[in-house]
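Shown next: structure_29.txt, containing compact mmCIF, C-alpha atoms.
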```txt
# COMPACT_ATOMS: atom_id res chain seq x y z
CA MET A 227 17.91 4.28 41.77
CA SER A 228 14.56 5.99 41.94
CA GLY A 229 11.31 4.35 40.87
CA GLN A 230 10.96 6.74 37.93
CA ARG A 231 10.32 4.97 34.66
CA VAL A 232 13.00 5.37 32.00
CA LEU A 233 11.92 5.34 28.36
CA PRO A 234 13.73 2.80 26.16
CA GLU A 235 16.23 4.21 23.69
CA THR A 236 14.27 2.69 20.82
CA TYR A 237 11.25 4.79 21.79
CA ARG A 238 13.34 7.95 22.05
CA LYS A 239 14.66 7.36 18.54
CA LEU A 240 11.12 6.75 17.26
CA ARG A 241 9.99 10.10 18.64
CA GLU A 242 12.97 11.81 17.03
CA THR A 243 12.36 10.31 13.60
CA HIS A 244 8.55 10.37 13.68
CA ALA A 245 7.51 13.78 14.99
CA ARG A 246 3.87 14.75 15.29
CA ASN A 247 2.22 15.55 11.96
CA ASP A 248 -0.58 18.12 12.05
CA GLU A 249 -1.09 18.29 8.30
CA PRO A 250 -4.54 17.18 7.05
CA LEU A 251 -4.73 13.45 6.51
CA LYS A 252 -4.31 12.41 2.88
CA ILE A 253 -7.32 10.45 1.66
CA GLY A 254 -7.60 8.11 -1.33
CA GLY A 255 -10.71 6.77 -3.04
CA CYS A 256 -10.74 3.21 -4.40
CA LEU A 257 -11.88 2.61 -7.97
CA TRP A 258 -13.37 -0.82 -7.22
CA THR A 259 -15.91 0.71 -4.83
CA VAL A 260 -17.76 2.33 -7.74
CA ASN A 261 -20.08 -0.52 -8.66
CA ASN A 262 -23.69 -1.58 -8.99
CA GLY A 263 -23.90 -3.02 -5.47
CA GLY A 264 -24.32 -6.58 -6.64
CA THR A 265 -23.36 -9.45 -4.36
CA ARG A 266 -23.68 -13.24 -4.48
CA PHE A 267 -27.25 -12.83 -3.22
CA TYR A 268 -28.37 -9.45 -4.59
CA GLN A 269 -28.32 -7.96 -8.07
CA GLY A 270 -27.68 -4.45 -6.86
CA ASN A 271 -29.68 -1.25 -7.04
CA ARG A 272 -27.42 0.79 -9.34
CA PRO A 273 -27.63 -0.67 -12.87
CA ASN A 274 -26.01 2.47 -14.27
CA MET A 275 -22.84 1.53 -12.37
CA THR A 276 -22.50 -1.93 -13.94
CA GLY A 277 -19.08 -2.34 -15.53
CA THR A 278 -18.01 1.23 -14.72
CA GLU A 279 -14.68 1.95 -16.39
CA ALA A 280 -11.81 3.59 -14.52
CA VAL A 281 -12.07 6.99 -16.21
CA LYS A 282 -15.74 7.33 -15.29
CA ALA A 283 -15.11 6.03 -11.77
CA ILE A 284 -12.37 8.64 -11.23
CA GLY A 285 -14.83 11.41 -12.05
CA ILE A 286 -17.47 9.93 -9.75
CA ILE A 287 -15.04 9.72 -6.81
CA ALA A 288 -13.74 13.23 -7.52
CA SER A 289 -17.29 14.59 -7.21
CA VAL A 290 -16.92 14.11 -3.44
CA ASN A 291 -14.52 17.05 -3.49
CA ASP A 292 -17.17 19.34 -4.96
CA ALA A 293 -19.46 18.48 -2.05
CA MET A 294 -16.67 19.16 0.45
CA ALA A 295 -15.83 22.51 -1.16
CA SER A 296 -19.47 23.62 -1.10
CA ARG A 297 -19.55 23.04 2.68
CA LYS A 298 -16.25 24.70 3.50
CA PRO A 299 -17.83 27.40 5.73
CA LEU A 300 -19.56 24.68 7.77
CA PHE A 301 -16.33 22.79 8.30
CA GLU A 302 -14.48 25.95 9.24
CA ALA A 303 -17.16 26.79 11.82
CA ILE A 304 -16.55 23.39 13.40
CA GLY A 305 -12.79 23.87 13.33
CA ALA A 306 -12.34 21.22 10.64
CA THR A 307 -10.69 21.34 7.24
CA ALA A 308 -12.70 20.71 4.08
CA HIS A 309 -9.89 18.86 2.30
CA GLY A 310 -11.28 16.09 0.14
CA ILE A 311 -9.85 13.15 -1.75
CA THR A 312 -6.46 13.65 -3.41
CA GLY A 313 -5.55 10.10 -4.46
CA ILE A 314 -7.01 7.13 -6.31
CA GLU A 315 -6.36 3.44 -5.60
CA SER A 316 -6.47 0.73 -8.25
CA HIS A 317 -5.86 -2.93 -9.04
CA TYR A 318 -3.74 -4.11 -11.93
CA PRO A 319 -5.08 -5.14 -14.39
CA ASN A 320 -8.72 -4.84 -13.23
CA GLU A 321 -9.16 -1.09 -13.26
CA VAL A 322 -5.80 0.13 -14.61
CA SER A 323 -3.44 -1.51 -17.09
CA GLU A 324 -1.16 -0.61 -19.99
CA LYS A 325 -4.23 -0.45 -22.24
CA ASN A 326 -6.00 2.42 -20.47
CA PHE A 327 -3.09 4.04 -18.63
CA GLY A 328 -3.02 7.15 -20.84
CA ALA A 329 -6.74 7.76 -20.39
CA VAL A 330 -6.45 7.22 -16.62
CA VAL A 331 -3.61 9.74 -16.38
CA LYS A 332 -5.67 12.27 -18.31
CA ALA A 333 -8.67 11.75 -16.01
CA LEU A 334 -6.55 12.05 -12.87
CA ARG A 335 -5.02 15.31 -14.11
CA ALA A 336 -8.42 16.70 -15.06
CA ASN A 337 -9.61 16.11 -11.50
CA GLY A 338 -6.45 17.23 -9.69
CA LEU A 339 -5.69 13.75 -8.35
CA VAL A 340 -2.74 11.36 -8.20
CA MET A 341 -2.54 7.58 -8.17
CA SER A 342 -2.00 6.92 -4.46
CA MET A 343 -1.93 3.11 -4.48
CA MET A 344 -1.61 0.25 -6.96
CA THR A 345 -1.96 -3.42 -6.13
CA PRO A 346 -1.65 -6.46 -8.40
CA ASN A 347 -4.75 -8.63 -8.44
CA LEU A 348 -3.37 -11.98 -7.30
CA PHE A 349 -6.61 -13.44 -5.96
CA TYR A 350 -9.17 -13.75 -8.80
CA THR A 351 -7.52 -16.22 -11.17
CA TYR A 352 -5.16 -18.14 -8.88
CA PRO A 353 -7.26 -20.95 -7.36
CA GLU A 354 -4.19 -22.72 -5.93
CA LEU A 355 -2.39 -19.71 -4.46
CA SER A 356 -0.23 -17.21 -6.38
CA PHE A 357 2.99 -16.07 -4.66
CA GLY A 358 2.70 -19.01 -2.25
CA SER A 359 2.01 -21.66 -4.90
CA THR A 360 4.17 -24.72 -5.48
CA ASN A 361 3.05 -24.60 -9.12
CA THR A 362 6.05 -22.90 -10.71
CA ALA A 363 4.15 -21.63 -13.74
CA GLU A 364 1.38 -20.08 -11.63
CA ARG A 365 3.89 -18.54 -9.22
CA MET A 366 5.89 -17.00 -12.07
CA ARG A 367 2.69 -15.69 -13.66
CA ALA A 368 1.89 -13.92 -10.39
CA ILE A 369 5.40 -12.48 -10.08
CA GLU A 370 5.29 -11.19 -13.65
CA SER A 371 1.94 -9.51 -12.96
CA ALA A 372 3.47 -7.86 -9.90
CA GLU A 373 6.43 -6.67 -11.98
CA ARG A 374 4.10 -5.07 -14.53
CA THR A 375 2.36 -3.32 -11.65
CA VAL A 376 5.73 -1.98 -10.51
CA ASP A 377 6.38 -0.59 -13.99
CA LEU A 378 3.07 1.30 -13.91
CA ILE A 379 3.87 2.62 -10.43
CA TYR A 380 7.01 4.24 -11.81
CA ALA A 381 5.06 5.53 -14.81
CA CYS A 382 2.69 7.20 -12.32
CA LYS A 383 5.63 8.72 -10.48
CA GLU A 384 6.95 10.14 -13.75
CA GLU A 385 3.54 11.59 -14.62
CA PHE A 386 2.62 13.06 -11.22
CA GLY A 387 5.80 13.24 -9.15
CA HIS A 388 4.12 10.98 -6.61
CA MET A 389 5.01 7.35 -5.97
CA PRO A 390 1.93 5.17 -5.45
CA MET A 391 2.15 2.70 -2.60
CA ASN A 392 2.50 -0.89 -3.79
CA VAL A 393 0.13 -2.97 -1.64
CA TYR A 394 -0.25 -6.75 -1.50
CA TRP A 395 -3.35 -8.45 -0.11
CA PRO A 396 -2.78 -12.24 0.14
CA GLY A 397 -6.47 -13.05 -0.18
CA GLY A 398 -5.80 -16.11 -2.32
CA GLU A 399 -2.96 -17.44 -0.16
CA GLY A 400 -4.46 -19.98 2.21
CA TRP A 401 -6.52 -23.12 2.45
CA GLN A 402 -10.10 -24.34 2.27
CA ALA A 403 -9.47 -27.82 3.71
CA ARG A 404 -7.09 -28.92 6.43
CA PHE A 405 -3.70 -30.23 5.21
CA GLN A 406 -4.41 -28.70 1.77
CA ILE A 407 -1.04 -26.90 1.78
CA ASP A 408 2.17 -26.73 3.76
CA PRO A 409 1.71 -23.25 5.35
CA VAL A 410 5.37 -22.96 6.41
CA GLN A 411 6.50 -23.59 2.85
CA ALA A 412 3.80 -21.21 1.54
CA LEU A 413 5.07 -18.38 3.74
CA HIS A 414 8.63 -18.84 2.49
CA LEU A 415 7.41 -18.96 -1.10
CA TYR A 416 5.27 -15.85 -0.59
CA PHE A 417 8.04 -13.69 0.86
CA GLY A 418 10.50 -15.19 -1.62
CA ALA A 419 8.26 -13.83 -4.38
CA LEU A 420 8.30 -10.41 -2.70
CA ASN A 421 12.10 -10.70 -2.74
CA ASP A 422 11.87 -11.19 -6.50
CA VAL A 423 9.73 -8.05 -6.84
CA PHE A 424 12.27 -6.03 -4.86
CA LYS A 425 15.10 -7.44 -7.01
CA TYR A 426 13.20 -6.54 -10.17
CA ASP A 427 12.81 -3.00 -8.87
CA ALA A 428 16.52 -2.75 -8.07
CA THR A 429 17.58 -4.17 -11.44
CA LYS A 430 15.22 -2.36 -13.81
CA HIS A 431 14.42 0.86 -11.98
CA LYS A 432 17.50 1.08 -9.75
CA ALA A 433 15.32 2.60 -7.07
CA LYS A 434 13.88 1.72 -3.70
CA LEU A 435 10.26 0.70 -4.05
CA ARG A 436 8.28 0.36 -0.82
CA ILE A 437 5.73 -2.41 -0.41
CA ALA A 438 2.91 -2.67 2.14
CA GLY A 439 1.18 -5.89 3.13
CA GLU A 440 -2.55 -5.97 3.89
CA ALA A 441 -3.51 -8.84 6.21
CA LYS A 442 -6.87 -10.55 6.62
CA PRO A 443 -7.81 -13.65 8.64
CA ASN A 444 -10.20 -15.26 6.13
CA GLU A 445 -12.37 -14.73 3.04
CA PRO A 446 -12.13 -15.70 0.27
CA LYS A 447 -9.98 -18.54 1.67
CA ASP A 448 -11.21 -20.25 4.81
CA VAL A 449 -7.85 -19.37 6.41
CA ILE A 450 -5.34 -16.89 4.95
CA ILE A 451 -1.67 -17.56 5.70
CA ILE A 452 -1.02 -13.97 6.87
CA PRO A 453 -4.10 -13.25 9.04
CA THR A 454 -3.13 -10.07 10.94
CA THR A 455 -0.87 -7.07 10.64
CA ALA A 456 1.32 -8.53 13.38
CA ASP A 457 1.78 -11.68 11.27
CA PHE A 458 2.84 -9.59 8.28
CA LEU A 459 5.34 -7.68 10.40
CA ALA A 460 6.74 -10.87 11.96
CA ASN A 461 7.28 -12.51 8.58
CA ILE A 462 9.21 -9.57 7.12
CA ASN A 463 12.28 -11.37 8.48
CA LEU A 464 11.77 -13.93 5.70
CA LEU A 465 12.86 -11.25 3.21
CA ASP A 466 16.49 -10.74 2.28
CA PRO A 467 18.03 -8.29 4.81
CA GLU A 468 18.51 -5.49 2.26
CA PHE A 469 14.76 -5.37 1.57
CA ARG A 470 13.33 -5.52 5.09
CA ASP A 471 13.38 -1.75 5.67
CA ARG A 472 11.27 -1.29 2.51
CA MET A 473 8.48 -3.65 3.58
CA GLY A 474 5.70 -2.27 5.74
CA VAL A 475 1.97 -2.73 6.21
CA ASN A 476 -1.40 -1.43 5.12
CA PRO A 477 -3.67 -2.34 8.06
CA GLU A 478 -7.38 -2.45 7.36
CA THR A 479 -9.55 -1.82 10.40
CA ALA A 480 -12.32 -4.19 9.31
CA HIS A 481 -9.90 -7.04 8.61
CA GLU A 482 -8.46 -6.87 12.12
CA MET A 483 -11.94 -6.71 13.61
CA LEU A 484 -12.76 -9.94 11.78
CA ALA A 485 -10.04 -11.50 13.97
CA ASN A 486 -11.75 -10.01 17.05
CA LEU A 487 -8.91 -7.52 17.50
CA SER A 488 -9.18 -3.86 18.43
CA PRO A 489 -8.59 -1.41 15.55
CA ILE A 490 -5.87 0.12 17.72
CA ASN A 491 -3.63 -2.97 17.67
CA PRO A 492 -2.50 -2.98 14.03
CA VAL A 493 -1.97 0.78 13.90
CA SER A 494 0.02 0.98 17.13
CA THR A 495 2.10 -2.10 16.29
CA ALA A 496 2.96 -0.71 12.86
CA LEU A 497 3.73 2.78 14.21
CA ALA A 498 5.96 1.32 16.93
CA GLN A 499 8.14 -0.21 14.24
CA GLY A 500 7.98 2.67 11.75
CA LYS A 501 6.13 0.36 9.36
CA LEU A 502 2.76 2.08 8.85
CA PHE A 503 3.05 2.80 5.12
CA HIS A 504 -0.67 3.04 4.24
CA TYR A 505 -4.04 2.48 5.92
CA HIS A 506 -7.57 1.37 4.99
CA ALA A 507 -10.19 2.96 7.22
CA ASN A 508 -13.32 0.92 6.49
CA TRP A 509 -15.29 -0.31 9.48
CA GLN A 510 -16.88 -3.56 10.58
CA ASN A 511 -19.97 -4.35 12.67
CA GLY A 512 -18.87 -7.39 14.62
CA LEU A 513 -17.60 -10.83 13.60
CA LYS A 514 -19.37 -11.19 10.27
CA TRP A 515 -18.23 -11.18 6.66
CA ASP A 516 -15.99 -8.37 5.41
CA GLN A 517 -18.62 -5.63 5.39
CA ASP A 518 -16.60 -2.65 4.10
CA CYS A 519 -18.63 -0.10 6.07
CA GLY A 520 -17.87 3.62 6.07
CA VAL A 521 -15.75 5.49 8.62
CA PRO A 522 -17.65 6.19 11.88
CA VAL A 523 -17.01 8.93 14.43
CA ASN A 524 -16.33 6.96 17.58
CA LEU A 525 -13.70 6.63 20.29
CA GLU A 526 -11.79 3.86 18.51
CA MET A 527 -11.39 5.81 15.27
CA LEU A 528 -10.46 8.93 17.24
CA TRP A 529 -7.71 6.94 18.95
CA VAL A 530 -6.49 5.69 15.54
CA VAL A 531 -6.38 9.25 14.18
CA HIS A 532 -4.61 10.50 17.31
CA LEU A 533 -1.92 7.83 17.06
CA MET A 534 -1.38 8.62 13.40
CA LYS A 535 -1.02 12.33 14.16
CA GLU A 536 1.15 11.81 17.23
CA TYR A 537 3.61 9.48 15.52
CA GLY A 538 3.95 11.32 12.24
CA PHE A 539 2.01 9.18 9.78
CA ASP A 540 2.25 10.82 6.35
CA GLY A 541 0.83 8.12 4.09
CA TYR A 542 -2.60 7.79 2.55
CA ILE A 543 -5.81 6.64 4.20
CA GLY A 544 -7.78 4.62 1.66
CA LEU A 545 -11.57 4.44 1.61
CA ASP A 546 -11.91 0.75 0.72
CA MET A 547 -15.62 0.75 1.47
CA GLN A 548 -18.80 -0.13 -0.37
CA ALA A 549 -22.13 1.62 -0.68
CA ARG A 550 -24.85 -0.67 0.67
CA PRO A 551 -26.51 -2.78 -2.05
CA GLU A 552 -29.82 -1.03 -1.35
CA SER A 553 -28.34 2.43 -1.91
CA LYS A 554 -28.88 4.19 -5.22
CA GLU A 555 -26.07 6.71 -4.56
CA VAL A 556 -22.57 5.25 -4.78
CA THR A 557 -20.65 8.24 -3.37
CA THR A 558 -22.66 8.85 -0.18
CA VAL A 559 -20.50 6.47 1.88
CA LEU A 560 -17.34 8.12 0.52
CA ARG A 561 -18.61 11.63 1.22
CA ASN A 562 -19.69 10.66 4.73
CA SER A 563 -16.34 8.99 5.40
CA VAL A 564 -14.32 12.00 4.26
CA THR A 565 -16.55 14.22 6.42
CA ASN A 566 -16.08 11.93 9.41
CA LEU A 567 -12.31 11.79 9.03
CA ARG A 568 -12.23 15.61 9.02
CA LEU A 569 -14.49 15.68 12.09
CA LEU A 570 -12.18 13.20 13.82
CA GLU A 571 -9.20 15.44 13.03
CA ALA A 572 -11.04 18.44 14.50
CA LEU A 573 -11.93 16.42 17.59
CA GLU A 574 -8.33 15.24 17.92
CA ARG A 575 -7.21 18.88 18.00
CA LYS A 576 -9.92 19.74 20.54
CA VAL A 577 -8.85 17.12 23.10
CA ASP A 578 -6.23 18.26 25.64
CA TRP A 579 -3.85 15.30 25.34
CA GLU A 580 -1.61 16.62 28.09
CA PHE A 581 -4.63 16.40 30.42
CA VAL A 582 -5.16 12.83 29.18
CA ARG A 583 -1.55 12.00 30.11
CA GLU A 584 -2.08 13.48 33.56
CA LEU A 585 -5.19 11.36 34.06
CA ARG A 586 -3.19 8.29 33.03
CA GLN A 587 -0.55 9.02 35.65
CA GLN A 588 -3.27 9.46 38.25
CA GLY A 589 -4.92 6.17 37.30
CA GLY A 590 -8.06 7.92 36.06
CA VAL A 591 -8.89 5.29 33.45
CA GLU A 592 -12.65 5.82 33.31
CA ALA A 593 -12.20 9.59 33.55
CA ILE A 594 -10.13 9.62 30.36
CA GLU A 595 -12.79 7.88 28.33
CA GLN A 596 -15.49 10.12 29.76
CA TYR A 597 -13.45 13.27 29.10
CA VAL A 598 -12.83 12.36 25.46
CA MET A 599 -16.48 11.38 24.94
CA LEU A 600 -17.67 14.72 26.36
CA ASN A 601 -15.36 16.52 23.94
CA MET A 602 -17.01 14.56 21.17
CA LEU A 603 -20.43 15.76 22.30
CA GLN A 604 -19.21 19.36 22.25
CA LEU A 605 -17.66 19.22 18.77
CA LEU A 606 -20.62 20.50 16.74
CA PRO A 607 -22.12 23.93 17.55
CA ARG A 608 -25.54 23.66 19.23
CA ASP A 609 -27.26 25.72 16.54
CA LEU A 610 -25.74 23.80 13.61
CA ASP A 611 -28.31 22.14 11.36
CA VAL A 612 -26.55 18.82 10.83
CA LYS A 613 -28.70 18.17 7.77
CA GLN A 614 -26.27 20.47 5.97
CA LEU A 615 -23.49 17.93 6.51
CA LEU A 616 -25.35 15.09 4.77
```
For the file at hand, write its structure as structure tokens.
Amino acid sequence: MSGQRVLPETYRKLRETHARNDEPLKIGGCLWTVNNGGTRFYQGNRPNMTGTEAVKAIGIIASVNDAMASRKPLFEAIGATAHGITGIESHYPNEVSEKNFGAVVKALRANGLVMSMMTPNLFYTYPELSFGSTNTAERMRAIESAERTVDLIYACKEEFGHMPMNVYWPGGEGWQARFQIDPVQALHLYFGALNDVFKYDATKHKAKLRIAGEAKPNEPKDVIIIPTTADFLANINLLDPEFRDRMGVNPETAHEMLANLSPINPVSTALAQGKLFHYHANWQNGLKWDQDCGVPVNLEMLWVVHLMKEYGFDGYIGLDMQARPESKEVTTVLRNSVTNLRLLEALERKVDWEFVRELRQQGGVEAIEQYVMLNMLQLLPRDLDVKQLL
């Protein structure tokens, strides 16, 4: 037998079922990012954004698309698309509930948007865990909130013909003091509750809802029971077998960086298993608090975009990012992030990936990085006034 490497059959099947996707990335804006910039230590610099209701926030986020459309010739000169935001993400019941659903639908239609993601808020009013709680009443309250979120997801599908992704962030599932909980029991309780949500979907809606988990190592809990995307994927086996194919992940770059992991790890791990259902693209500057920075143009994010394109990702990229507290303009970070994602797509098309593969085979590790970086430097025309892209 020759020394030629043989690809595993599982990889061959992945390539057959997840062909390259060259369509523009779908981008969603998050309603909770429209705020006054207040933190525990700072009152914020946007008093006009205090208590912004969902309908107003939808219009504010949609204004990013006007800015993109006005710069379409610039993007075309670069070889980029000027596609803007097409989806909106929300929490139930914070931003969207049965009370304002009709008004939200009207606002989405008026702005040519869909609801791209809905997540139940299971972390504000559950001090002793929600899905993972041993308090039966609290656990059932959380499950019922999740079921109401599912009902609104199907209402969105009926209104727009698009099924929002149902995402779960276990921010309240963890501990503040050692021995506070039994983490093994909490994991079984948590995924048992997700079982109940899937069963509710099958019984009431007789459909096949998909759910994505969003991991984070810490904050607000000192330790969260599902700290990384890999942990979420590993624990899917705690679900009943008939639901495992419908559970995937929503990696958030900044969350993985808080665990000192590369942004590439969660995306590649999820893509390898066909489990990348959704993605949050906000960035992080080192091992600090969850900063929710905007999308940068750098080699790591280019690699993320390339992997998504190469392995057929067709879900939404959410802009779960915050304007800095000192900023008076809440949409600048969103506008910059949409611009940067489109620049990354243009750069991804510019790179000769076959040449990259040849360099890999030749062992030209440093040459690859240099080649891609030089392509990045050549992306914008020399005579382009970049002030026009601000």
Using all atoms listed in the file, what does the table of region 462-555 of chain A residues within 12 Å of region 288-310 of chain A look like, with each row giving the shortest atom pair and its distance in Å to one decimal, sorted by chain and ascending number, as a Markdown table?
```
| residue | atom | partner | partner_atom | distance |
| --- | --- | --- | --- | --- |
| A:Ile543 | CA | A:Gly310 | CA | 11.6 |
| A:Leu545 | CA | A:Gly310 | CA | 11.7 |
| A:Glu555 | CA | A:Val290 | CA | 11.8 |
```
Legend entry - Non-local contacts of Pro489 (chain A) (10 Å; only C-alpha atoms; under 4 positions in same chain excluded) as a list in words: Pro477, Glu478, Thr479, Ala480, His481, Glu482, Met483, Val493, Ser494, Ala507, Trp509, Gln510, Glu526, Met527, Trp529 and Val530 of chain A
Can I get the selected residues back with C-alpha atoms, as an mmCIF file, in the coordinates of the input?
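Listing of part_3.cif after writing:
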```
data_model
loop_
_atom_site.group_PDB
_atom_site.id
_atom_site.type_symbol
_atom_site.label_atom_id
_atom_site.label_comp_id
_atom_site.auth_asym_id
_atom_site.auth_seq_id
_atom_site.Cartn_x
_atom_site.Cartn_y
_atom_site.Cartn_z
ATOM 1 C CA PRO A 477 -3.670 -2.340 8.060
ATOM 2 C CA GLU A 478 -7.380 -2.450 7.360
ATOM 3 C CA THR A 479 -9.550 -1.820 10.400
ATOM 4 C CA ALA A 480 -12.320 -4.190 9.310
ATOM 5 C CA HIS A 481 -9.900 -7.040 8.610
ATOM 6 C CA GLU A 482 -8.460 -6.870 12.120
ATOM 7 C CA MET A 483 -11.940 -6.710 13.610
ATOM 8 C CA VAL A 493 -1.970 0.780 13.900
ATOM 9 C CA SER A 494 0.020 0.980 17.130
ATOM 10 C CA ALA A 507 -10.190 2.960 7.220
ATOM 11 C CA TRP A 509 -15.290 -0.310 9.480
ATOM 12 C CA GLN A 510 -16.880 -3.560 10.580
ATOM 13 C CA GLU A 526 -11.790 3.860 18.510
ATOM 14 C CA MET A 527 -11.390 5.810 15.270
ATOM 15 C CA TRP A 529 -7.710 6.940 18.950
ATOM 16 C CA VAL A 530 -6.490 5.690 15.540
#
```
Inset, instruction - Mind checking which residues fall within 7 Å of region 414-417 of chain A, counting only C-alpha atoms, ignoring those fewer than 4 positions away in the same chain, and posting them as an MDAnalysis selection string? - result: chainID A and resid 357:358 410 421 464:465
At a cut-off of 9 Å, using only C-alpha atoms, what residues contact Leu378 (chain A)? Leave out same-chain residues fewer than 6 positions from it and give the result as an mmCIF file with C-alpha atoms, in the coordinates of the input.
```cif
data_model
loop_
_atom_site.group_PDB
_atom_site.id
_atom_site.type_symbol
_atom_site.label_atom_id
_atom_site.label_comp_id
_atom_site.auth_asym_id
_atom_site.auth_seq_id
_atom_site.Cartn_x
_atom_site.Cartn_y
_atom_site.Cartn_z
ATOM 1 C CA TYR A 318 -3.740 -4.110 -11.930
ATOM 2 C CA VAL A 322 -5.800 0.130 -14.610
ATOM 3 C CA SER A 323 -3.440 -1.510 -17.090
ATOM 4 C CA GLU A 324 -1.160 -0.610 -19.990
ATOM 5 C CA PHE A 327 -3.090 4.040 -18.630
ATOM 6 C CA MET A 344 -1.610 0.250 -6.960
#
```
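CA of Val260 (chain A) is positioned 6.4 Å from CA of Val556 (chain A).
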Rows by chain and residue number, region 316-341 of chain A within 9 Å of region 265-287 of chain A, shortest pair, only C-alpha atoms, as a tab-separated table:
```
residue	atom	partner	partner_atom	distance
A:Ser316	CA	A:Ala280	CA	8.7
A:Glu321	CA	A:Ala280	CA	5.5
A:Val322	CA	A:Ala280	CA	6.9
A:Asn326	CA	A:Ala280	CA	8.4
A:Ala329	CA	A:Val281	CA	6.8
A:Val330	CA	A:Val281	CA	5.6
A:Val331	CA	A:Val281	CA	8.9
A:Lys332	CA	A:Val281	CA	8.6
A:Ala333	CA	A:Val281	CA	5.9
A:Leu334	CA	A:Ile284	CA	6.9
A:Ala336	CA	A:Gly285	CA	8.8
A:Asn337	CA	A:Gly285	CA	7.0
A:Leu339	CA	A:Ile284	CA	8.9
```
Generate the output file for the selected residues, C-alpha atoms, as a compact mmCIF listing (two decimals), in the frame of the given file.
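Output file again-v9.txt follows:
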```
# COMPACT_ATOMS: atom_id res chain seq x y z
CA SER A 316 -6.47 0.73 -8.25
CA GLU A 321 -9.16 -1.09 -13.26
CA VAL A 322 -5.80 0.13 -14.61
CA ASN A 326 -6.00 2.42 -20.47
CA ALA A 329 -6.74 7.76 -20.39
CA VAL A 330 -6.45 7.22 -16.62
CA VAL A 331 -3.61 9.74 -16.38
CA LYS A 332 -5.67 12.27 -18.31
CA ALA A 333 -8.67 11.75 -16.01
CA LEU A 334 -6.55 12.05 -12.87
CA ALA A 336 -8.42 16.70 -15.06
CA ASN A 337 -9.61 16.11 -11.50
CA LEU A 339 -5.69 13.75 -8.35
```
Inset, instruction - Compare A:Arg561, A:Lys576, A:Arg586, A:Lys613 by their minimum atom-to-atom distance to Ile253 (chain A), counting all atoms listed in the file, and give me the closest one. - result: A:Arg561
Inset, instruction - Have a look at A:Leu233, A:Pro319, A:Arg472, A:Lys383 and name the one nearest to Trp258 (chain A); count all atoms listed in the file. - result: A:Pro319
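The closest residue to Leu528 (chain A), picked from A:Glu574, A:Val559, A:Ala549, A:Asp540 and counting all atoms listed in the file, is A:Glu574.
If all atoms listed in the file are the atoms counted, then among A:Gly397, A:Pro522, A:Gly313, A:Gly254 the closest residue to His506 (chain A) is A:Gly254.
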Hey, what's within 9 Å of region 432-442 of chain A if we count only C-alpha atoms and toss same-chain stuff fewer than 5 positions away? As an mmCIF file with C-alpha atoms, in the coordinates of the input, please?
```
data_model
loop_
_atom_site.group_PDB
_atom_site.id
_atom_site.type_symbol
_atom_site.label_atom_id
_atom_site.label_comp_id
_atom_site.auth_asym_id
_atom_site.auth_seq_id
_atom_site.Cartn_x
_atom_site.Cartn_y
_atom_site.Cartn_z
ATOM 1 C CA VAL A 376 5.730 -1.980 -10.510
ATOM 2 C CA MET A 389 5.010 7.350 -5.970
ATOM 3 C CA MET A 391 2.150 2.700 -2.600
ATOM 4 C CA ASN A 392 2.500 -0.890 -3.790
ATOM 5 C CA VAL A 393 0.130 -2.970 -1.640
ATOM 6 C CA TYR A 394 -0.250 -6.750 -1.500
ATOM 7 C CA TRP A 395 -3.350 -8.450 -0.110
ATOM 8 C CA PRO A 396 -2.780 -12.240 0.140
ATOM 9 C CA GLY A 397 -6.470 -13.050 -0.180
ATOM 10 C CA LEU A 420 8.300 -10.410 -2.700
ATOM 11 C CA PHE A 424 12.270 -6.030 -4.860
ATOM 12 C CA TYR A 426 13.200 -6.540 -10.170
ATOM 13 C CA ASP A 427 12.810 -3.000 -8.870
ATOM 14 C CA VAL A 449 -7.850 -19.370 6.410
ATOM 15 C CA ILE A 450 -5.340 -16.890 4.950
ATOM 16 C CA ILE A 451 -1.670 -17.560 5.700
ATOM 17 C CA ILE A 452 -1.020 -13.970 6.870
ATOM 18 C CA PRO A 453 -4.100 -13.250 9.040
ATOM 19 C CA THR A 454 -3.130 -10.070 10.940
ATOM 20 C CA THR A 455 -0.870 -7.070 10.640
ATOM 21 C CA ALA A 456 1.320 -8.530 13.380
ATOM 22 C CA ASP A 457 1.780 -11.680 11.270
ATOM 23 C CA PHE A 458 2.840 -9.590 8.280
ATOM 24 C CA LEU A 459 5.340 -7.680 10.400
ATOM 25 C CA PHE A 469 14.760 -5.370 1.570
ATOM 26 C CA ASP A 471 13.380 -1.750 5.670
ATOM 27 C CA ARG A 472 11.270 -1.290 2.510
ATOM 28 C CA MET A 473 8.480 -3.650 3.580
ATOM 29 C CA GLY A 474 5.700 -2.270 5.740
ATOM 30 C CA VAL A 475 1.970 -2.730 6.210
ATOM 31 C CA ASN A 476 -1.400 -1.430 5.120
ATOM 32 C CA PRO A 477 -3.670 -2.340 8.060
ATOM 33 C CA GLU A 478 -7.380 -2.450 7.360
ATOM 34 C CA ALA A 480 -12.320 -4.190 9.310
ATOM 35 C CA HIS A 481 -9.900 -7.040 8.610
ATOM 36 C CA GLU A 482 -8.460 -6.870 12.120
ATOM 37 C CA LEU A 484 -12.760 -9.940 11.780
ATOM 38 C CA ALA A 485 -10.040 -11.500 13.970
ATOM 39 C CA LYS A 501 6.130 0.360 9.360
ATOM 40 C CA LEU A 502 2.760 2.080 8.850
ATOM 41 C CA PHE A 503 3.050 2.800 5.120
ATOM 42 C CA HIS A 504 -0.670 3.040 4.240
ATOM 43 C CA TYR A 505 -4.040 2.480 5.920
ATOM 44 C CA HIS A 506 -7.570 1.370 4.990
#
```
Inset, instruction - Determine the nearest neighbour of Arg470 (chain A) from the options A:Asn508, A:Glu552, A:Asn261, A:Gly500, counting all atoms listed in the file. - result: A:Gly500
